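Engineer: My structure is in query-v9.txt, and what it holds is compact mmCIF, C-alpha atoms and all ligand atoms:
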```
# COMPACT_ATOMS: atom_id res chain seq x y z
CA MET A 24 -26.35 100.75 -76.65
CA SER A 25 -26.67 102.21 -73.19
CA GLN A 26 -24.53 104.94 -71.75
CA SER A 27 -22.25 103.66 -69.04
CA ASP A 28 -24.29 103.59 -65.90
CA SER A 29 -22.86 104.10 -62.50
CA ASP A 30 -23.59 100.62 -61.18
CA THR A 31 -21.31 98.93 -63.72
CA GLU A 32 -18.25 99.17 -61.52
CA SER A 33 -19.78 97.44 -58.54
CA ASP A 34 -20.63 94.43 -60.69
CA ALA A 35 -17.06 93.74 -61.66
CA ALA A 36 -16.87 90.66 -59.48
CA PRO A 37 -20.33 89.78 -58.29
CA SER A 38 -19.40 86.93 -55.99
CA ALA A 39 -16.15 88.39 -54.77
CA ASP A 40 -17.78 89.33 -51.48
CA ALA A 41 -17.17 85.83 -50.22
CA ALA A 42 -13.58 85.80 -51.45
CA GLY A 43 -11.32 87.55 -48.97
CA ALA A 44 -8.19 85.61 -48.09
CA GLN A 45 -8.79 82.28 -49.71
CA PRO A 46 -6.40 79.37 -49.85
CA GLY A 47 -6.79 79.62 -53.62
CA ASP A 48 -4.52 82.69 -53.62
CA ALA A 49 -1.52 80.51 -54.23
CA THR A 50 -3.10 79.23 -57.42
CA ALA A 51 -3.95 82.70 -58.62
CA SER A 52 -0.36 83.82 -58.33
CA ALA A 53 1.03 80.77 -60.14
CA GLY A 54 1.25 82.25 -63.61
CA GLU A 55 -2.36 83.29 -64.13
CA PRO A 56 -2.12 87.05 -64.31
CA GLU A 57 -5.49 87.27 -66.08
CA VAL A 58 -7.42 86.09 -63.02
CA PRO A 59 -8.44 89.38 -61.46
CA VAL A 60 -9.45 88.30 -57.97
CA ALA A 61 -8.57 85.51 -55.61
CA ASP A 62 -9.26 82.14 -57.15
CA ASP A 63 -12.00 81.14 -54.79
CA GLU A 64 -12.51 77.48 -55.03
CA GLU A 65 -16.24 77.55 -55.42
CA VAL A 66 -15.97 79.08 -58.87
CA VAL A 67 -16.20 76.67 -61.79
CA LEU A 68 -16.65 79.21 -64.56
CA ARG A 69 -15.67 82.86 -64.61
CA THR A 70 -16.07 85.53 -67.23
CA LYS A 71 -14.03 88.68 -67.13
CA ASP A 72 -15.24 91.71 -69.09
CA LEU A 73 -16.82 89.47 -71.68
CA THR A 74 -18.00 91.65 -74.54
CA LYS A 75 -19.66 91.14 -77.92
CA PHE A 76 -20.35 93.86 -80.43
CA PHE A 77 -22.22 93.31 -83.67
CA GLY A 78 -21.00 96.33 -85.59
CA ALA A 79 -22.34 99.26 -83.61
CA ILE A 80 -24.64 97.10 -81.49
CA GLU A 81 -23.19 96.44 -78.06
CA ALA A 82 -25.01 93.19 -77.42
CA VAL A 83 -22.95 92.23 -74.36
CA ARG A 84 -20.64 94.60 -72.56
CA ASP A 85 -18.05 93.87 -69.89
CA VAL A 86 -19.85 90.99 -68.22
CA SER A 87 -17.83 89.64 -65.30
CA LEU A 88 -19.72 86.80 -63.75
CA ASP A 89 -18.92 83.71 -61.69
CA VAL A 90 -20.71 80.40 -61.75
CA ASN A 91 -20.19 78.43 -58.56
CA ALA A 92 -20.05 74.68 -58.15
CA ASP A 93 -23.37 73.01 -57.56
CA GLU A 94 -25.57 76.05 -58.14
CA ILE A 95 -28.27 77.22 -60.48
CA LEU A 96 -27.41 80.66 -61.78
CA ALA A 97 -30.26 82.28 -63.64
CA ILE A 98 -29.87 85.09 -66.14
CA ALA A 99 -32.90 87.32 -66.30
CA GLY A 100 -33.44 90.18 -68.68
CA ASP A 101 -35.76 91.70 -71.20
CA ASN A 102 -35.82 90.86 -74.88
CA GLY A 103 -32.56 91.97 -76.42
CA ALA A 104 -30.76 92.32 -73.07
CA GLY A 105 -27.93 90.12 -74.34
CA LYS A 106 -28.64 86.82 -72.58
CA THR A 107 -28.37 84.56 -75.61
CA THR A 108 -25.34 86.39 -76.95
CA PHE A 109 -23.62 85.93 -73.59
CA ILE A 110 -24.24 82.20 -73.44
CA LYS A 111 -23.32 81.77 -77.11
CA MET A 112 -19.85 82.96 -76.18
CA LEU A 113 -19.75 80.42 -73.35
CA SER A 114 -20.84 77.66 -75.69
CA GLY A 115 -18.33 78.49 -78.42
CA VAL A 116 -20.90 79.64 -80.97
CA LEU A 117 -19.79 83.27 -80.94
CA GLU A 118 -16.28 84.58 -80.51
CA PRO A 119 -16.04 87.39 -77.95
CA THR A 120 -15.07 90.84 -79.16
CA ARG A 121 -12.99 91.03 -76.01
CA GLY A 122 -12.85 89.61 -72.54
CA GLU A 123 -12.03 86.24 -71.09
CA ILE A 124 -13.60 82.95 -70.11
CA PHE A 125 -12.07 80.76 -67.41
CA LEU A 126 -12.99 77.23 -66.45
CA ARG A 127 -11.83 75.16 -63.53
CA GLN A 128 -9.56 72.48 -64.87
CA ASP A 129 -7.24 70.36 -62.76
CA GLY A 130 -8.08 72.45 -59.75
CA ARG A 131 -7.42 75.89 -61.22
CA LEU A 132 -9.14 78.45 -63.37
CA GLU A 133 -7.74 78.15 -66.88
CA ARG A 134 -8.38 80.59 -69.68
CA GLN A 135 -10.41 79.13 -72.55
CA TYR A 136 -10.33 79.85 -76.25
CA PHE A 137 -13.35 78.30 -77.93
CA SER A 138 -13.55 78.29 -81.69
CA SER A 139 -16.52 75.96 -81.95
CA SER A 140 -19.33 74.55 -79.85
CA LYS A 141 -17.39 71.28 -79.83
CA ASP A 142 -14.49 73.04 -78.08
CA ALA A 143 -16.86 74.26 -75.37
CA MET A 144 -18.50 70.86 -75.07
CA ASP A 145 -15.12 69.15 -74.77
CA ALA A 146 -14.17 71.65 -72.07
CA GLY A 147 -17.31 70.78 -70.12
CA ILE A 148 -20.00 73.30 -71.10
CA ALA A 149 -23.08 71.70 -72.63
CA THR A 150 -25.71 74.05 -73.98
CA VAL A 151 -29.33 73.14 -74.57
CA TYR A 152 -31.32 75.39 -76.87
CA GLN A 153 -34.98 74.89 -77.56
CA GLY A 154 -35.24 71.86 -79.84
CA GLN A 155 -31.64 72.38 -80.78
CA HIS A 156 -30.09 70.05 -83.32
CA LEU A 157 -32.57 67.27 -82.67
CA SER A 158 -33.02 65.07 -85.73
CA PRO A 159 -36.81 64.95 -86.12
CA THR A 160 -37.03 61.59 -87.84
CA ALA A 161 -34.54 59.83 -85.57
CA SER A 162 -35.68 58.24 -82.32
CA ALA A 163 -35.31 59.87 -78.92
CA ALA A 164 -32.63 57.29 -78.06
CA ASN A 165 -30.67 57.97 -81.25
CA ASN A 166 -30.81 61.68 -80.54
CA ILE A 167 -29.62 61.22 -76.98
CA PHE A 168 -26.64 59.10 -78.06
CA LEU A 169 -25.83 61.06 -81.22
CA GLY A 170 -22.10 60.92 -81.89
CA MET A 171 -21.39 58.50 -79.05
CA GLU A 172 -23.33 55.38 -80.10
CA PRO A 173 -22.19 52.27 -78.25
CA LEU A 174 -21.07 49.36 -80.40
CA ARG A 175 -22.14 45.78 -79.82
CA ASP A 176 -19.86 43.35 -78.05
CA GLY A 177 -17.66 41.08 -80.12
CA PRO A 178 -16.90 41.16 -83.85
CA GLU A 179 -20.32 42.63 -84.67
CA GLY A 180 -19.12 45.73 -82.89
CA TRP A 181 -15.43 46.04 -83.61
CA LEU A 182 -15.55 44.52 -87.09
CA LEU A 183 -18.97 45.42 -88.45
CA ARG A 184 -19.45 48.59 -86.34
CA ARG A 185 -22.97 47.52 -85.39
CA VAL A 186 -24.58 49.81 -82.85
CA ASP A 187 -25.92 48.29 -79.65
CA ASP A 188 -29.52 49.49 -79.97
CA GLU A 189 -30.78 47.60 -76.97
CA TYR A 190 -28.23 49.16 -74.69
CA MET A 191 -28.96 52.61 -76.12
CA ILE A 192 -32.71 52.23 -75.66
CA GLY A 193 -32.35 50.85 -72.15
CA GLU A 194 -29.98 53.60 -71.06
CA SER A 195 -32.17 56.27 -72.63
CA ARG A 196 -35.18 54.91 -70.81
CA LYS A 197 -33.28 55.03 -67.52
CA LEU A 198 -31.98 58.53 -68.11
CA LEU A 199 -35.40 59.85 -69.10
CA ALA A 200 -36.92 58.20 -66.03
CA ASP A 201 -34.23 59.81 -63.87
CA ILE A 202 -35.35 63.21 -65.10
CA GLY A 203 -39.02 62.39 -64.64
CA PHE A 204 -40.13 61.35 -68.12
CA ASP A 205 -41.70 58.08 -69.09
CA PHE A 206 -42.06 57.55 -72.83
CA ASP A 207 -40.72 55.04 -75.31
CA PRO A 208 -37.20 56.14 -76.36
CA ARG A 209 -37.77 54.48 -79.73
CA THR A 210 -40.33 57.18 -80.60
CA PRO A 211 -39.23 59.51 -83.42
CA VAL A 212 -38.63 63.00 -82.07
CA ASP A 213 -41.23 64.61 -84.33
CA GLU A 214 -43.92 62.55 -82.61
CA LEU A 215 -42.99 63.87 -79.15
CA SER A 216 -44.57 66.78 -77.26
CA GLY A 217 -42.65 69.99 -76.67
CA GLY A 218 -41.80 68.95 -73.12
CA GLN A 219 -40.66 65.51 -74.22
CA LYS A 220 -38.46 67.02 -76.93
CA GLN A 221 -36.94 69.31 -74.34
CA ALA A 222 -36.30 66.27 -72.12
CA VAL A 223 -34.47 64.59 -75.01
CA ALA A 224 -32.30 67.68 -75.50
CA VAL A 225 -31.50 67.81 -71.78
CA ALA A 226 -30.85 64.06 -71.64
CA ARG A 227 -28.46 64.43 -74.54
CA ALA A 228 -26.50 67.03 -72.56
CA LEU A 229 -26.61 65.05 -69.31
CA ILE A 230 -25.36 61.79 -70.80
CA ARG A 231 -22.12 63.54 -71.68
CA ASP A 232 -21.77 64.33 -67.99
CA PRO A 233 -20.62 67.95 -68.34
CA PRO A 234 -19.87 69.97 -65.20
CA ILE A 235 -21.79 72.95 -66.60
CA ILE A 236 -25.14 72.85 -68.34
CA VAL A 237 -26.56 75.93 -70.02
CA LEU A 238 -30.29 76.05 -70.69
CA ASP A 239 -31.64 78.85 -72.88
CA GLU A 240 -35.38 79.20 -72.38
CA PRO A 241 -36.00 75.53 -71.63
CA THR A 242 -39.69 76.09 -70.95
CA SER A 243 -40.72 78.13 -73.95
CA GLU A 244 -42.97 76.14 -76.27
CA VAL A 245 -43.74 73.78 -73.41
CA SER A 246 -47.18 73.32 -71.79
CA THR A 247 -47.85 74.21 -68.16
CA THR A 248 -47.46 70.63 -66.97
CA GLY A 249 -44.41 70.27 -69.20
CA THR A 250 -42.96 73.39 -67.60
CA ASP A 251 -43.36 71.94 -64.11
CA LYS A 252 -41.54 68.81 -65.20
CA ILE A 253 -38.72 70.69 -66.86
CA ILE A 254 -38.35 72.85 -63.76
CA ASP A 255 -38.15 69.80 -61.52
CA LEU A 256 -35.59 68.43 -63.90
CA VAL A 257 -33.49 71.61 -63.77
CA ARG A 258 -33.75 71.69 -60.00
CA GLY A 259 -32.34 68.15 -59.86
CA ILE A 260 -29.28 68.79 -62.02
CA PRO A 261 -26.90 70.26 -59.40
CA ASP A 262 -25.88 67.00 -57.74
CA GLY A 263 -22.84 68.26 -55.91
CA GLU A 264 -20.84 68.37 -59.13
CA LYS A 265 -22.92 69.99 -61.83
CA SER A 266 -23.87 73.63 -62.21
CA VAL A 267 -26.62 75.14 -64.30
CA ILE A 268 -26.92 78.44 -66.12
CA LEU A 269 -30.60 79.01 -66.73
CA ILE A 270 -32.10 81.63 -68.99
CA SER A 271 -35.82 82.14 -68.70
CA HIS A 272 -38.38 84.81 -69.33
CA LYS A 273 -40.55 83.24 -66.67
CA ILE A 274 -39.61 85.23 -63.60
CA ASP A 275 -41.59 82.99 -61.28
CA VAL A 276 -39.61 80.02 -62.51
CA VAL A 277 -36.35 81.88 -62.05
CA VAL A 278 -37.15 83.04 -58.51
CA ASP A 279 -38.29 79.55 -57.65
CA VAL A 280 -35.28 77.52 -58.79
CA ALA A 281 -32.24 79.79 -58.97
CA ASP A 282 -29.64 80.15 -56.25
CA ARG A 283 -28.49 83.43 -57.76
CA ILE A 284 -30.01 85.65 -60.41
CA ALA A 285 -27.91 87.85 -62.68
CA VAL A 286 -30.07 90.62 -64.08
CA MET A 287 -29.02 91.84 -67.52
CA ARG A 288 -30.06 95.11 -69.04
CA ASP A 289 -28.84 96.58 -72.32
CA GLY A 290 -25.93 94.16 -72.55
CA GLU A 291 -24.70 94.53 -69.01
CA VAL A 292 -25.16 92.61 -65.78
CA VAL A 293 -26.65 95.29 -63.54
CA GLU A 294 -27.17 93.18 -60.44
CA VAL A 295 -26.63 89.70 -59.03
CA LEU A 296 -29.24 88.66 -56.50
CA ASP A 297 -28.76 85.81 -54.07
CA THR A 298 -32.08 84.09 -53.47
CA GLN A 299 -30.81 82.42 -50.31
CA ARG A 300 -29.59 85.65 -48.80
CA ASP A 301 -31.72 88.37 -50.32
CA ASP A 302 -35.45 88.45 -50.05
CA VAL A 303 -36.03 88.43 -53.76
CA ALA A 304 -39.50 89.16 -54.96
CA ARG A 305 -40.72 88.81 -58.48
CA MET A 306 -41.39 92.51 -58.84
CA ASP A 307 -37.86 93.42 -57.73
CA ILE A 308 -36.44 91.57 -60.67
CA VAL A 309 -38.91 92.96 -63.16
CA GLU A 310 -38.17 96.42 -61.86
CA ARG A 311 -34.41 95.91 -62.18
CA MET A 312 -34.82 94.61 -65.69
CA HIS A 313 -36.60 97.77 -66.77
CA ARG A 314 -35.40 100.47 -64.41
CA GLU A 315 -33.48 102.72 -66.78
CA ARG A 316 -35.89 102.39 -69.62
CA GLU A 317 -38.93 103.62 -67.80
CA ARG A 318 -37.35 106.83 -66.61
N1 LIG B 401 -26.13 88.01 -84.99
C1 LIG B 401 -26.49 89.23 -84.63
N2 LIG B 401 -26.25 90.30 -85.40
C2 LIG B 401 -26.58 91.54 -85.01
N3 LIG B 401 -27.19 91.83 -83.85
C3 LIG B 401 -27.46 90.80 -83.03
C4 LIG B 401 -27.14 89.45 -83.36
N4 LIG B 401 -27.53 88.66 -82.35
C5 LIG B 401 -28.07 89.46 -81.42
N5 LIG B 401 -28.04 90.75 -81.83
C6 LIG B 401 -28.51 91.91 -81.06
O1 LIG B 401 -27.86 91.87 -79.80
C7 LIG B 401 -28.76 92.28 -78.77
C8 LIG B 401 -28.86 91.17 -77.74
O2 LIG B 401 -29.56 90.07 -78.30
P1 LIG B 401 -29.77 88.69 -77.56
O3 LIG B 401 -30.39 87.76 -78.51
O4 LIG B 401 -28.49 88.29 -76.94
O5 LIG B 401 -30.80 89.08 -76.42
P2 LIG B 401 -31.65 88.16 -75.44
O6 LIG B 401 -31.48 88.74 -74.08
O7 LIG B 401 -31.29 86.74 -75.63
O8 LIG B 401 -33.15 88.43 -75.93
P3 LIG B 401 -34.43 87.45 -75.93
O9 LIG B 401 -34.96 87.52 -74.53
O10 LIG B 401 -35.35 88.09 -76.90
O11 LIG B 401 -33.98 86.09 -76.34
C9 LIG B 401 -30.06 92.63 -79.46
O12 LIG B 401 -30.06 94.01 -79.70
C10 LIG B 401 -29.99 91.86 -80.74
O13 LIG B 401 -30.75 92.49 -81.74
MG MG B 402 -32.38 85.02 -76.16
```
Would you write out, as structure tokens, the structure that this file holds?
Structural biologist:
Amino acid sequence: MSQSDSDTESDAAPSADAAGAQPGDATASAGEPEVPVADDEEVVLRTKDLTKFFGAIEAVRDVSLDVNADEILAIAGDNGAGKTTFIKMLSGVLEPTRGEIFLRQDGRLERQYFSSSKDAMDAGIATVYQGQHLSPTASAANNIFLGMEPLRDGPEGWLLRRVDDEYMIGESRKLLADIGFDFDPRTPVDELSGGQKQAVAVARALIRDPPIIVLDEPTSEVSTTGTDKIIDLVRGIPDGEKSVILISHKIDVVVDVADRIAVMRDGEVVEVLDTQRDDVARMDIVERMHRERER
């Protein structure tokens, strides 16, 4: 897609600046030759040269990116930059053409081989797409608990496999309230607003308690007030244990909530901005997203 630009090299390990001599070195040398740099303990997910070609289209090329514990990492980029393709590899939907994915498991970064979204989910990466997989005629509560419905106590549960609806509704109500939404979890999904549907999708990811939550355009198709709520919700997810990968076209949203912003252009990560450290302005990001193209 693009010719190799000169800044590719410097992006090989975007957060390696903080690495140096880390105590994690011992782990890195213990039979993990694939881990390219010191295993700094902040990192919960690492990609190394992750690449996806669709025939001649280089959708994602050599993306090496770290996600740290307890942070919101945003991925910004123009249409077609490769954002969705990148996260589809993280969520097991697409198999990489080459490159590696590592996740922190039992204290060390372990290489992952996902052959389905279930594999990624089981490994701790939950991905929320817009309205993804929600069953429109089922209730919000049923959607949230899909595949993990609690059974009633006693023989009704273990013998007759009756689902404990009351528990499910109560827990759904609590979870939705936790993320700032107050509607009846018995409502069928197709009667909910865009923002409420998005809340159901996020609640469904959260209830599985994954360490990493990926949100692809969580605020598209959502009203302005809905957007504010979703953003508050996203902001509240890192609770010391959870990390978020957020994809959004809304640069203001990204600048507002993200701890770091990876800018993608033509399949590559061209820059990783730290919103705590760098004085990141909206225009900087837009400019970085488009730089090559406009010359
Ligand atoms: N299944 C596919 N087959 C062929 N090409 C694809 C496929 N999926 C994506 N692409 C191409 O890969 C490139 C990256 O697409 P991708 O959807 O990852 O971009 P994106 O950054 O998510 O864009 P948007 O902001 O529009 O969602 C585009 O050129 C796209 O046309
Ligand atoms: Mg996309």
Engineer: Could you give me, as a ChimeraX atom specification, the residues within 6 Å of Asp93 of chain A, counting all atoms listed in the file and dropping anything in the same chain fewer than 5 positions from it?
Structural biologist: /A:261,263-266
Engineer: Counting all atoms listed in the file, what are the residues of chain A within 8 Å of ligand MG 402 (chain B), and for each of them which pair of atoms is the nearest and at what distance in Å, to one decimal? Sort the table by chain and rising number, as a tab-separated table.
Structural biologist:
```
residue	atom	partner	partner_atom	distance
A:Asn102	CA	B:MG402	MG	6.9
A:Gly103	CA	B:MG402	MG	7.0
A:Gly105	CA	B:MG402	MG	7.0
A:Lys106	CA	B:MG402	MG	5.5
A:Thr107	CA	B:MG402	MG	4.1
A:Thr108	CA	B:MG402	MG	7.2
A:Asp239	CA	B:MG402	MG	7.0
A:Glu240	CA	B:MG402	MG	7.6
A:Ile270	CA	B:MG402	MG	7.9
```
Engineer: Go through the chains and note each residue within 9 Å of ligand LIG 401 (chain B), using only C-alpha atoms and all ligand atoms, then give the set as a PDB file with C-alpha atoms, in the frame of the given file.
Structural biologist:
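Done, and the output landed in out_14.pdb:
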```
ATOM      1  CA  MET A  24     -26.350 100.750 -76.650  1.00  0.00           C
ATOM      2  CA  LYS A  75     -19.660  91.140 -77.920  1.00  0.00           C
ATOM      3  CA  PHE A  76     -20.350  93.860 -80.430  1.00  0.00           C
ATOM      4  CA  PHE A  77     -22.220  93.310 -83.670  1.00  0.00           C
ATOM      5  CA  GLY A  78     -21.000  96.330 -85.590  1.00  0.00           C
ATOM      6  CA  ALA A  79     -22.340  99.260 -83.610  1.00  0.00           C
ATOM      7  CA  ILE A  80     -24.640  97.100 -81.490  1.00  0.00           C
ATOM      8  CA  GLU A  81     -23.190  96.440 -78.060  1.00  0.00           C
ATOM      9  CA  ALA A  82     -25.010  93.190 -77.420  1.00  0.00           C
ATOM     10  CA  VAL A  83     -22.950  92.230 -74.360  1.00  0.00           C
ATOM     11  CA  ILE A  98     -29.870  85.090 -66.140  1.00  0.00           C
ATOM     12  CA  ALA A  99     -32.900  87.320 -66.300  1.00  0.00           C
ATOM     13  CA  GLY A 100     -33.440  90.180 -68.680  1.00  0.00           C
ATOM     14  CA  ASP A 101     -35.760  91.700 -71.200  1.00  0.00           C
ATOM     15  CA  ASN A 102     -35.820  90.860 -74.880  1.00  0.00           C
ATOM     16  CA  GLY A 103     -32.560  91.970 -76.420  1.00  0.00           C
ATOM     17  CA  ALA A 104     -30.760  92.320 -73.070  1.00  0.00           C
ATOM     18  CA  GLY A 105     -27.930  90.120 -74.340  1.00  0.00           C
ATOM     19  CA  LYS A 106     -28.640  86.820 -72.580  1.00  0.00           C
ATOM     20  CA  THR A 107     -28.370  84.560 -75.610  1.00  0.00           C
ATOM     21  CA  THR A 108     -25.340  86.390 -76.950  1.00  0.00           C
ATOM     22  CA  PHE A 109     -23.620  85.930 -73.590  1.00  0.00           C
ATOM     23  CA  ILE A 110     -24.240  82.200 -73.440  1.00  0.00           C
ATOM     24  CA  LYS A 111     -23.320  81.770 -77.110  1.00  0.00           C
ATOM     25  CA  LEU A 117     -19.790  83.270 -80.940  1.00  0.00           C
ATOM     26  CA  ASP A 239     -31.640  78.850 -72.880  1.00  0.00           C
ATOM     27  CA  GLU A 240     -35.380  79.200 -72.380  1.00  0.00           C
ATOM     28  CA  ILE A 270     -32.100  81.630 -68.990  1.00  0.00           C
ATOM     29  CA  SER A 271     -35.820  82.140 -68.700  1.00  0.00           C
ATOM     30  CA  HIS A 272     -38.380  84.810 -69.330  1.00  0.00           C
ATOM     31  CA  MET A 287     -29.020  91.840 -67.520  1.00  0.00           C
ATOM     32  CA  ARG A 288     -30.060  95.110 -69.040  1.00  0.00           C
ATOM     33  CA  ASP A 289     -28.840  96.580 -72.320  1.00  0.00           C
ATOM     34  CA  GLY A 290     -25.930  94.160 -72.550  1.00  0.00           C
TER      35      GLY A 290
END
```
Engineer: For Leu229 of chain A, work out the shell of residues within 9 Å, counting only C-alpha atoms and skipping chain neighbours fewer than 3 positions away, then give it as a list in words.
Structural biologist: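 My list of contacting residues is Ala149, Leu198, Ala224, Val225, Ala226, Asp232, Pro233, Ile236 and Ile260 of chain A.
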Engineer: Neighbouring residues of segment 248-252 of chain A were defined as those with any atom within 10 Å, considering all atoms listed in the file; residues of the same chain fewer than 2 positions away were excluded. Please report them as a list in words.
Structural biologist: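 Close residues of segment 248-252 of chain A: Ile202, Gly203, Phe204, Ser216, Gly217, Gly218, Gln219, Gln221, Ala222, Pro241, Thr242, Ser243, Glu244, Val245, Ser246, Ile254, Asp255, Leu256, Val257, Arg258 and Val276 of chain A.
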Engineer: Considering only C-alpha atoms, state which residue in the set A:Val151, A:Arg283, A:Gly177, A:Ile230 is at the smallest distance from Asp201 of chain A.
Structural biologist: A:Ile230
Engineer: So that I can check the surroundings of Ser139 of chain A, please list as a ChimeraX atom specification every protein, DNA and RNA residue that reaches within 12 Å of it, counting only C-alpha atoms and ignoring chain neighbours fewer than 6 positions away.
Structural biologist: /A:111-118,145-146,148
Engineer: How many Å separate atom CA of Arg300 of chain A from atom CA of Leu96 of chain A?
Structural biologist: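 Atom CA of Arg300 of chain A sits 14.1 Å away from atom CA of Leu96 of chain A.
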Engineer: Pick the closest to Asp279 of chain A from A:Lys197, A:Arg305, A:Arg69, A:Arg131: which is it, counting all atoms listed in the file?
Structural biologist: A:Arg305
Engineer: In Å, how far is it from atom CA of Arg314 of chain A to atom CA of Ile124 of chain A?
Structural biologist: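 Atom-to-atom, atom CA of Arg314 of chain A and atom CA of Ile124 of chain A are spaced 28.5 Å apart.
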Engineer: Taking all atoms listed in the file into account, name the residue in A:Val303, A:Val223, A:Ala228, A:Val66 that is nearest to Ala161 of chain A.
Structural biologist: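 For Ala161 of chain A, the nearest of the given residues is A:Val223.
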Engineer: For atom CA of Val295 of chain A and atom CA of Val86 of chain A, quote the distance in Å rounded to one decimal.
Structural biologist: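 If I compute the distance from atom CA of Val295 of chain A to atom CA of Val86 of chain A, I get 11.5 Å.
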Engineer: Using the file's own x, y and z axes, what box holds all listed atoms of segment 109-126 of chain A with 5 Å on each side, keeping edges along x, y and z, and what are its centre and edge lengths in Å to one decimal, as JSON?
Structural biologist:
```
{"center_x": -18.1, "center_y": 84.1, "center_z": -73.7, "size_x": 22.2, "size_y": 23.8, "size_z": 24.5}
```
Engineer: Can you pull out the residues contacting Ser195 of chain A? Cut-off 10 Å, using only C-alpha atoms, and skip same-chain residues under 2 positions away; I want them as a list in words.
Structural biologist: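 Selected residues are Ala163, Ala164, Asn165, Asn166, Ile167, Phe168, Glu189, Tyr190, Met191, Ile192, Gly193, Lys197, Leu198, Leu199, Ala200, Asp201, Phe206, Asp207, Pro208, Arg209, Val223, Ala226, Arg227 and Ile230 of chain A.
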Engineer: May I ask which of the residues A:Thr247, A:Thr70, A:Thr210, A:Ser138 is the closest one to Ser158 of chain A, counting all atoms listed in the file?
Structural biologist: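 Closest to Ser158 of chain A, using all atoms listed in the file: A:Thr210.
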Engineer: Would you mind putting back N, CA, C and O atoms on segment 218-229 of chain A, then writing it out as a PDB file, in the coordinates of the input?
Structural biologist:
```
ATOM      1  N   GLY A 218     -42.501  69.271 -74.371  1.00  0.00           N
ATOM      2  CA  GLY A 218     -41.800  68.950 -73.120  1.00  0.00           C
ATOM      3  C   GLY A 218     -40.919  67.722 -73.274  1.00  0.00           C
ATOM      4  O   GLY A 218     -39.799  67.674 -72.769  1.00  0.00           O
ATOM      5  N   GLN A 219     -41.445  66.730 -74.004  1.00  0.00           N
ATOM      6  CA  GLN A 219     -40.660  65.510 -74.220  1.00  0.00           C
ATOM      7  C   GLN A 219     -39.429  65.798 -75.088  1.00  0.00           C
ATOM      8  O   GLN A 219     -38.342  65.278 -74.827  1.00  0.00           O
ATOM      9  N   LYS A 220     -39.614  66.635 -76.092  1.00  0.00           N
ATOM     10  CA  LYS A 220     -38.460  67.020 -76.930  1.00  0.00           C
ATOM     11  C   LYS A 220     -37.390  67.707 -76.074  1.00  0.00           C
ATOM     12  O   LYS A 220     -36.195  67.449 -76.212  1.00  0.00           O
ATOM     13  N   GLN A 221     -37.881  68.591 -75.197  1.00  0.00           N
ATOM     14  CA  GLN A 221     -36.940  69.310 -74.340  1.00  0.00           C
ATOM     15  C   GLN A 221     -36.204  68.314 -73.436  1.00  0.00           C
ATOM     16  O   GLN A 221     -35.002  68.452 -73.203  1.00  0.00           O
ATOM     17  N   ALA A 222     -36.934  67.298 -72.959  1.00  0.00           N
ATOM     18  CA  ALA A 222     -36.300  66.270 -72.120  1.00  0.00           C
ATOM     19  C   ALA A 222     -35.214  65.535 -72.896  1.00  0.00           C
ATOM     20  O   ALA A 222     -34.148  65.232 -72.352  1.00  0.00           O
ATOM     21  N   VAL A 223     -35.471  65.265 -74.170  1.00  0.00           N
ATOM     22  CA  VAL A 223     -34.470  64.590 -75.010  1.00  0.00           C
ATOM     23  C   VAL A 223     -33.215  65.475 -75.129  1.00  0.00           C
ATOM     24  O   VAL A 223     -32.087  65.003 -74.983  1.00  0.00           O
ATOM     25  N   ALA A 224     -33.441  66.755 -75.365  1.00  0.00           N
ATOM     26  CA  ALA A 224     -32.300  67.680 -75.500  1.00  0.00           C
ATOM     27  C   ALA A 224     -31.499  67.739 -74.200  1.00  0.00           C
ATOM     28  O   ALA A 224     -30.263  67.754 -74.221  1.00  0.00           O
ATOM     29  N   VAL A 225     -32.205  67.765 -73.071  1.00  0.00           N
ATOM     30  CA  VAL A 225     -31.500  67.810 -71.780  1.00  0.00           C
ATOM     31  C   VAL A 225     -30.788  66.487 -71.517  1.00  0.00           C
ATOM     32  O   VAL A 225     -29.635  66.469 -71.075  1.00  0.00           O
ATOM     33  N   ALA A 226     -31.466  65.378 -71.838  1.00  0.00           N
ATOM     34  CA  ALA A 226     -30.850  64.060 -71.640  1.00  0.00           C
ATOM     35  C   ALA A 226     -29.584  63.942 -72.477  1.00  0.00           C
ATOM     36  O   ALA A 226     -28.580  63.380 -72.037  1.00  0.00           O
ATOM     37  N   ARG A 227     -29.637  64.494 -73.673  1.00  0.00           N
ATOM     38  CA  ARG A 227     -28.460  64.430 -74.540  1.00  0.00           C
ATOM     39  C   ARG A 227     -27.278  65.194 -73.923  1.00  0.00           C
ATOM     40  O   ARG A 227     -26.121  64.791 -74.053  1.00  0.00           O
ATOM     41  N   ALA A 228     -27.581  66.303 -73.246  1.00  0.00           N
ATOM     42  CA  ALA A 228     -26.500  67.030 -72.560  1.00  0.00           C
ATOM     43  C   ALA A 228     -26.026  66.247 -71.347  1.00  0.00           C
ATOM     44  O   ALA A 228     -24.827  66.093 -71.122  1.00  0.00           O
ATOM     45  N   LEU A 229     -26.969  65.721 -70.573  1.00  0.00           N
ATOM     46  CA  LEU A 229     -26.610  65.050 -69.310  1.00  0.00           C
ATOM     47  C   LEU A 229     -25.768  63.801 -69.529  1.00  0.00           C
ATOM     48  O   LEU A 229     -24.868  63.511 -68.744  1.00  0.00           O
TER      49      LEU A 229
END
```
